[in-house]
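Next comes my_file35.cif, a file with mmCIF, C-alpha atoms.
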```cif
data_coords
#
loop_
_atom_site.label_atom_id
_atom_site.label_comp_id
_atom_site.auth_asym_id
_atom_site.auth_seq_id
_atom_site.Cartn_x
_atom_site.Cartn_y
_atom_site.Cartn_z
CA MET A 1497 -12.60 13.64 -3.56
CA ASN A 1498 -11.78 10.43 -1.71
CA ILE A 1499 -8.17 9.35 -2.24
CA GLY A 1500 -6.61 6.12 -1.00
CA PHE A 1501 -3.02 5.07 -0.39
CA ASP A 1502 -1.20 1.87 0.38
CA LEU A 1503 1.22 1.94 3.32
CA ASP A 1504 4.39 0.00 2.50
CA LYS A 1505 6.72 1.56 -0.07
CA ILE A 1506 4.39 4.58 -0.18
CA PHE A 1507 4.89 5.93 3.35
CA ILE A 1508 6.97 3.23 5.07
CA ASN A 1509 10.02 1.72 3.41
CA PHE A 1510 11.02 -1.93 3.26
CA PRO A 1511 13.91 -2.97 5.50
CA PRO A 1512 17.28 -1.79 4.23
CA PHE A 1513 19.30 -4.21 2.08
CA VAL A 1514 16.28 -6.40 1.28
CA PRO A 1515 15.41 -6.22 -2.43
CA SER A 1516 11.74 -5.93 -3.38
CA LYS A 1517 12.06 -9.02 -5.57
CA ILE A 1518 12.93 -11.12 -2.52
CA ILE A 1519 9.89 -9.83 -0.66
CA ASP A 1520 7.65 -10.51 -3.67
CA LEU A 1521 9.07 -14.03 -3.90
CA PHE A 1522 7.89 -14.82 -0.38
CA TYR A 1523 4.67 -12.83 -0.62
CA LYS A 1524 3.13 -13.66 -3.99
CA GLU A 1525 2.10 -16.94 -5.58
CA ARG A 1526 1.51 -17.50 -9.26
CA THR A 1527 -1.14 -20.04 -10.22
CA ASN A 1528 -2.57 -20.14 -13.75
CA HIS A 1529 -1.75 -16.42 -14.18
CA GLU A 1530 -4.07 -15.64 -11.27
CA LEU A 1531 -2.90 -13.18 -8.65
CA LYS A 1532 -2.58 -14.81 -5.24
CA TYR A 1533 -0.73 -13.88 -2.07
CA ARG A 1534 0.64 -16.30 0.48
CA ILE A 1535 -0.19 -16.08 4.16
CA PRO A 1536 3.16 -16.84 5.78
CA SER A 1537 3.75 -19.92 7.91
CA LYS A 1538 4.26 -19.44 11.66
CA ALA A 1539 8.05 -19.42 11.25
CA GLU A 1540 7.82 -16.85 8.44
CA GLN A 1541 5.45 -14.76 10.57
CA ILE A 1542 8.09 -14.53 13.29
CA ILE A 1543 10.65 -13.34 10.73
CA ARG A 1544 8.17 -10.86 9.26
CA ILE A 1545 7.26 -9.52 12.72
CA PHE A 1546 10.96 -8.94 13.36
CA SER A 1547 11.45 -7.32 9.93
CA HIS A 1548 8.58 -4.91 10.65
CA HIS A 1549 10.24 -3.46 13.74
CA PRO A 1550 10.19 0.36 13.54
CA LEU A 1551 14.00 0.42 13.56
CA LEU A 1552 13.92 -1.44 10.24
CA ARG A 1553 10.96 0.39 8.71
CA PHE A 1554 11.91 3.98 8.03
CA PRO A 1555 9.33 6.52 6.94
CA ILE A 1556 9.43 7.83 3.40
CA THR A 1557 9.58 11.39 4.64
CA GLN A 1558 9.10 13.19 1.32
CA ASN A 1559 5.80 11.35 0.75
CA LEU A 1560 4.58 11.85 4.31
CA ASN A 1561 5.43 15.56 4.19
CA TYR A 1562 3.82 15.99 0.79
CA LEU A 1563 0.56 14.33 1.85
CA ASN A 1564 0.48 16.16 5.17
CA ASN A 1565 0.83 19.51 3.36
CA LEU A 1566 -1.79 18.46 0.83
CA ALA A 1567 -4.22 17.47 3.58
CA LEU A 1568 -3.86 20.90 5.16
CA ALA A 1569 -4.38 22.69 1.83
CA ASN A 1570 -7.54 21.09 0.43
CA ASN A 1571 -10.80 19.35 1.27
CA ASN A 1572 -10.01 15.90 -0.12
CA LYS A 1573 -10.43 12.93 2.20
CA TYR A 1574 -7.41 10.65 2.50
CA TYR A 1575 -7.58 6.97 3.41
CA LEU A 1576 -4.86 4.47 4.23
CA ILE A 1577 -5.61 0.99 2.85
CA SER A 1578 -3.02 -1.62 3.75
CA SER A 1579 -3.19 -5.33 3.11
CA ARG A 1580 -0.93 -6.14 6.06
CA PHE A 1581 -2.06 -9.38 7.64
CA GLY A 1582 -3.38 -9.73 11.18
CA PHE A 1583 -0.15 -11.08 12.68
CA LEU A 1584 1.40 -7.63 12.02
CA LYS A 1585 -1.29 -5.68 13.88
CA ASN A 1586 0.89 -4.69 16.86
CA ARG A 1587 3.81 -3.65 14.65
CA THR A 1588 1.46 -1.68 12.40
CA ASP A 1589 -0.20 0.07 15.33
CA ASN A 1590 3.25 1.09 16.60
CA LEU A 1591 4.21 2.52 13.20
CA ILE A 1592 0.93 4.42 12.92
CA LYS A 1593 1.53 6.07 16.30
CA ARG A 1594 5.25 6.62 15.75
CA TYR A 1595 4.77 8.43 12.43
CA ARG A 1596 1.43 10.03 13.41
CA LEU A 1597 -0.37 8.66 10.38
CA ASP A 1598 -3.68 8.89 12.20
CA LYS A 1599 -3.33 12.69 11.99
CA ILE A 1600 -3.24 12.63 8.17
CA PHE A 1601 -5.88 10.07 7.22
CA LYS A 1602 -9.63 10.32 7.70
CA ALA A 1603 -9.69 6.53 8.24
CA MET A 1604 -7.34 3.58 7.97
CA TYR A 1605 -8.20 0.09 6.79
CA PHE A 1606 -6.05 -2.97 7.44
CA ASN A 1607 -6.40 -6.55 6.26
CA TYR A 1608 -6.33 -8.05 9.73
CA GLU A 1609 -8.81 -10.76 8.68
CA ASN A 1610 -6.16 -12.12 6.29
CA LYS A 1611 -8.18 -11.88 3.09
CA GLN A 1612 -6.39 -11.98 -0.24
CA PRO A 1613 -4.85 -8.48 -0.45
CA HIS A 1614 -6.21 -7.64 -3.92
CA GLN A 1615 -9.72 -8.71 -2.90
CA PHE A 1616 -9.51 -6.79 0.39
CA LYS A 1617 -8.40 -3.61 -1.39
CA ASN A 1618 -11.07 -4.00 -4.04
CA GLU A 1619 -13.77 -4.18 -1.32
CA VAL A 1620 -12.47 -1.09 0.48
CA ILE A 1621 -11.99 0.94 -2.72
CA GLY A 1622 -15.58 0.19 -3.74
CA LYS A 1623 -16.95 0.97 -0.27
CA LEU A 1624 -15.14 4.32 -0.11
CA ASN A 1625 -15.95 5.25 -3.71
CA LEU A 1626 -12.36 6.39 -4.27
CA GLY A 1627 -11.53 8.81 -7.05
CA MET A 1628 -7.81 7.94 -6.85
CA TYR A 1629 -5.70 5.17 -5.35
CA VAL A 1630 -1.88 4.84 -5.06
CA ASP A 1631 0.00 1.55 -4.60
CA ASP A 1632 3.45 0.15 -5.34
CA ASP A 1633 2.17 -3.28 -6.48
CA LEU A 1634 1.61 -3.15 -10.24
CA GLN A 1635 0.03 -6.62 -10.44
CA LEU A 1636 -2.48 -5.68 -7.75
CA LEU A 1637 -3.31 -2.44 -9.55
CA GLU A 1638 -3.85 -4.30 -12.83
CA TYR A 1639 -6.36 -6.48 -10.99
CA LEU A 1640 -8.18 -3.43 -9.59
CA ILE A 1641 -8.47 -1.27 -12.72
CA ASP A 1642 -11.12 -3.38 -14.45
CA LYS A 1643 -13.19 -3.72 -11.29
CA ASN A 1644 -13.12 0.02 -10.56
CA PRO A 1645 -13.27 1.83 -13.93
CA LYS A 1646 -14.16 5.21 -12.39
CA THR A 1647 -11.09 5.23 -10.12
CA LYS A 1648 -7.72 6.57 -11.29
CA PHE A 1649 -4.95 4.25 -10.17
CA PHE A 1650 -1.33 5.26 -9.71
CA TRP A 1651 1.64 2.92 -9.57
CA LEU A 1652 4.31 4.64 -7.47
CA ASN A 1653 7.73 3.49 -8.61
CA ASN A 1654 11.11 5.14 -9.08
CA LYS A 1655 11.59 4.27 -12.72
CA ILE A 1656 8.91 5.69 -15.01
CA SER A 1657 6.15 8.28 -15.22
CA LYS A 1658 3.61 7.65 -17.97
CA PRO A 1659 0.08 6.42 -18.63
CA LEU A 1660 -0.04 2.62 -18.69
CA LYS A 1661 -3.72 1.96 -19.34
CA LYS A 1662 -6.96 3.95 -19.44
CA ASN A 1663 -7.14 4.43 -15.65
CA LEU A 1664 -3.62 3.34 -14.62
CA PHE A 1665 -0.66 5.70 -14.48
CA ALA A 1666 2.97 5.19 -13.48
CA ILE A 1667 4.33 7.97 -11.28
CA LYS A 1668 7.65 8.64 -9.53
CA HIS A 1669 6.29 11.09 -6.94
CA LEU A 1670 2.89 11.66 -5.35
CA SER A 1671 2.68 15.16 -6.81
CA GLU A 1672 2.28 13.60 -10.27
CA MET A 1673 -1.21 12.42 -9.30
CA PHE A 1674 -2.48 15.94 -9.85
CA ALA A 1675 -0.50 16.77 -13.00
#
```
Now that the file is in, can you turn its structure into structure tokens?
Amino acid sequence: MNIGFDLDKIFINFPPFVPSKIIDLFYKERTNHELKYRIPSKAEQIIRIFSHHPLLRFPITQNLNYLNNLALANNNKYYLISSRFGFLKNRTDNLIKRYRLDKIFKAMYFNYENKQPHQFKNEVIGKLNLGMYVDDDLQLLEYLIDKNPKTKFFWLNNKISKPLKKNLFAIKHLSEMFA
């Protein structure tokens, strides 16, 4: 089976002391209930490049270890699908090398062309014919579930574990994907 994962908040944490709501405030736009993400201004890009320094982006070790063990134990193909914009390419490449993510994933896809993240992920999920996909962005997942009815989507969060919709499930740990 082909299984996809987002990067941030799945394998790499946000900077310490920065609440997710603040990041969402600067990252997402709301227009007529339509999901839309902002491409940061040049000044914001400088701040974001700084905030993506490896010293501020710690690995989520339990998830990395779990997936690494899983990859060794079965024949599934694992893909990393991140909507990080092009201005973060160098920082992302450094993180990939530092945490050896290229050793776990069959292929990695990044949004370096600065497409809308939900549209980028939808394209990649369809192209890879994923059976499962894990992300921390519930609004993005709600966009994807109707467009990919054969894919099981998992919202990784630390609050709840339960089915949310026909092909959308809330989980607290990656192991719950296979429960």
**A:Arg1553, A:Arg1596, A:Lys1643, A:Lys1661 ranked by distance to Lys1505 (chain A), top pick (using all atoms listed in the file)** = A:Arg1553
**Request:** Just say which residues the PyMOL selection byres ((chain A and resi 1554) around 9) picks in this file, as a list in words.
**Result:** Phe1507, Ile1508, Asn1509, Phe1510, Pro1511, Pro1512, Pro1550, Leu1551, Leu1552, Arg1553, Pro1555, Ile1556 and Thr1557 of chain A
Export C-alpha atoms of the chosen residues as a PDB file, in the frame of the given file?
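What landed in part.pdb:
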```
ATOM      1  CA  PHE A1507       4.890   5.930   3.350  1.00  0.00           C
ATOM      2  CA  ILE A1508       6.970   3.230   5.070  1.00  0.00           C
ATOM      3  CA  ASN A1509      10.020   1.720   3.410  1.00  0.00           C
ATOM      4  CA  PHE A1510      11.020  -1.930   3.260  1.00  0.00           C
ATOM      5  CA  PRO A1511      13.910  -2.970   5.500  1.00  0.00           C
ATOM      6  CA  PRO A1512      17.280  -1.790   4.230  1.00  0.00           C
ATOM      7  CA  PRO A1550      10.190   0.360  13.540  1.00  0.00           C
ATOM      8  CA  LEU A1551      14.000   0.420  13.560  1.00  0.00           C
ATOM      9  CA  LEU A1552      13.920  -1.440  10.240  1.00  0.00           C
ATOM     10  CA  ARG A1553      10.960   0.390   8.710  1.00  0.00           C
ATOM     11  CA  PRO A1555       9.330   6.520   6.940  1.00  0.00           C
ATOM     12  CA  ILE A1556       9.430   7.830   3.400  1.00  0.00           C
ATOM     13  CA  THR A1557       9.580  11.390   4.640  1.00  0.00           C
TER      14      THR A1557
END
```
**Request:** Kindly resolve the PyMOL selection byres ((chain A and resi 1585-1593) around 8) on the present coordinates and return the residues as a PyMOL selection string.
**Result:** chain A and resi 1545+1548-1550+1580-1584+1594-1598+1608
With C-alpha atoms kept, could you save the residues just selected as a compact mmCIF listing (two decimals), in the coordinates of the input?
```txt
# COMPACT_ATOMS: atom_id res chain seq x y z
CA ILE A 1545 7.26 -9.52 12.72
CA HIS A 1548 8.58 -4.91 10.65
CA HIS A 1549 10.24 -3.46 13.74
CA PRO A 1550 10.19 0.36 13.54
CA ARG A 1580 -0.93 -6.14 6.06
CA PHE A 1581 -2.06 -9.38 7.64
CA GLY A 1582 -3.38 -9.73 11.18
CA PHE A 1583 -0.15 -11.08 12.68
CA LEU A 1584 1.40 -7.63 12.02
CA ARG A 1594 5.25 6.62 15.75
CA TYR A 1595 4.77 8.43 12.43
CA ARG A 1596 1.43 10.03 13.41
CA LEU A 1597 -0.37 8.66 10.38
CA ASP A 1598 -3.68 8.89 12.20
CA TYR A 1608 -6.33 -8.05 9.73
```
**Asked** Between A:Tyr1533, A:Phe1649, A:Phe1546, A:Phe1674, which one has atoms that come closest to Lys1662 (chain A), using all atoms listed in the file?
**Response** A:Phe1649
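Each of A:Asn1610, A:Asn1564, A:Ser1671, A:Ser1537 was checked against Ser1657 (chain A) using only C-alpha atoms; the smallest atom-to-atom distance is that of A:Ser1671.
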**Request:** Evaluate the PyMOL selection byres ((chain A and resi 1612) around 12) on the structure here and hand back the selected residues as a list in words.
**Result:** Tyr1523, Lys1524, Glu1525, Glu1530, Leu1531, Lys1532, Tyr1533, Arg1534, Ile1535, Ser1578, Ser1579, Arg1580, Phe1581, Phe1606, Asn1607, Tyr1608, Glu1609, Asn1610, Lys1611, Pro1613, His1614, Gln1615, Phe1616, Lys1617, Asn1618, Glu1619 and Leu1636 of chain A
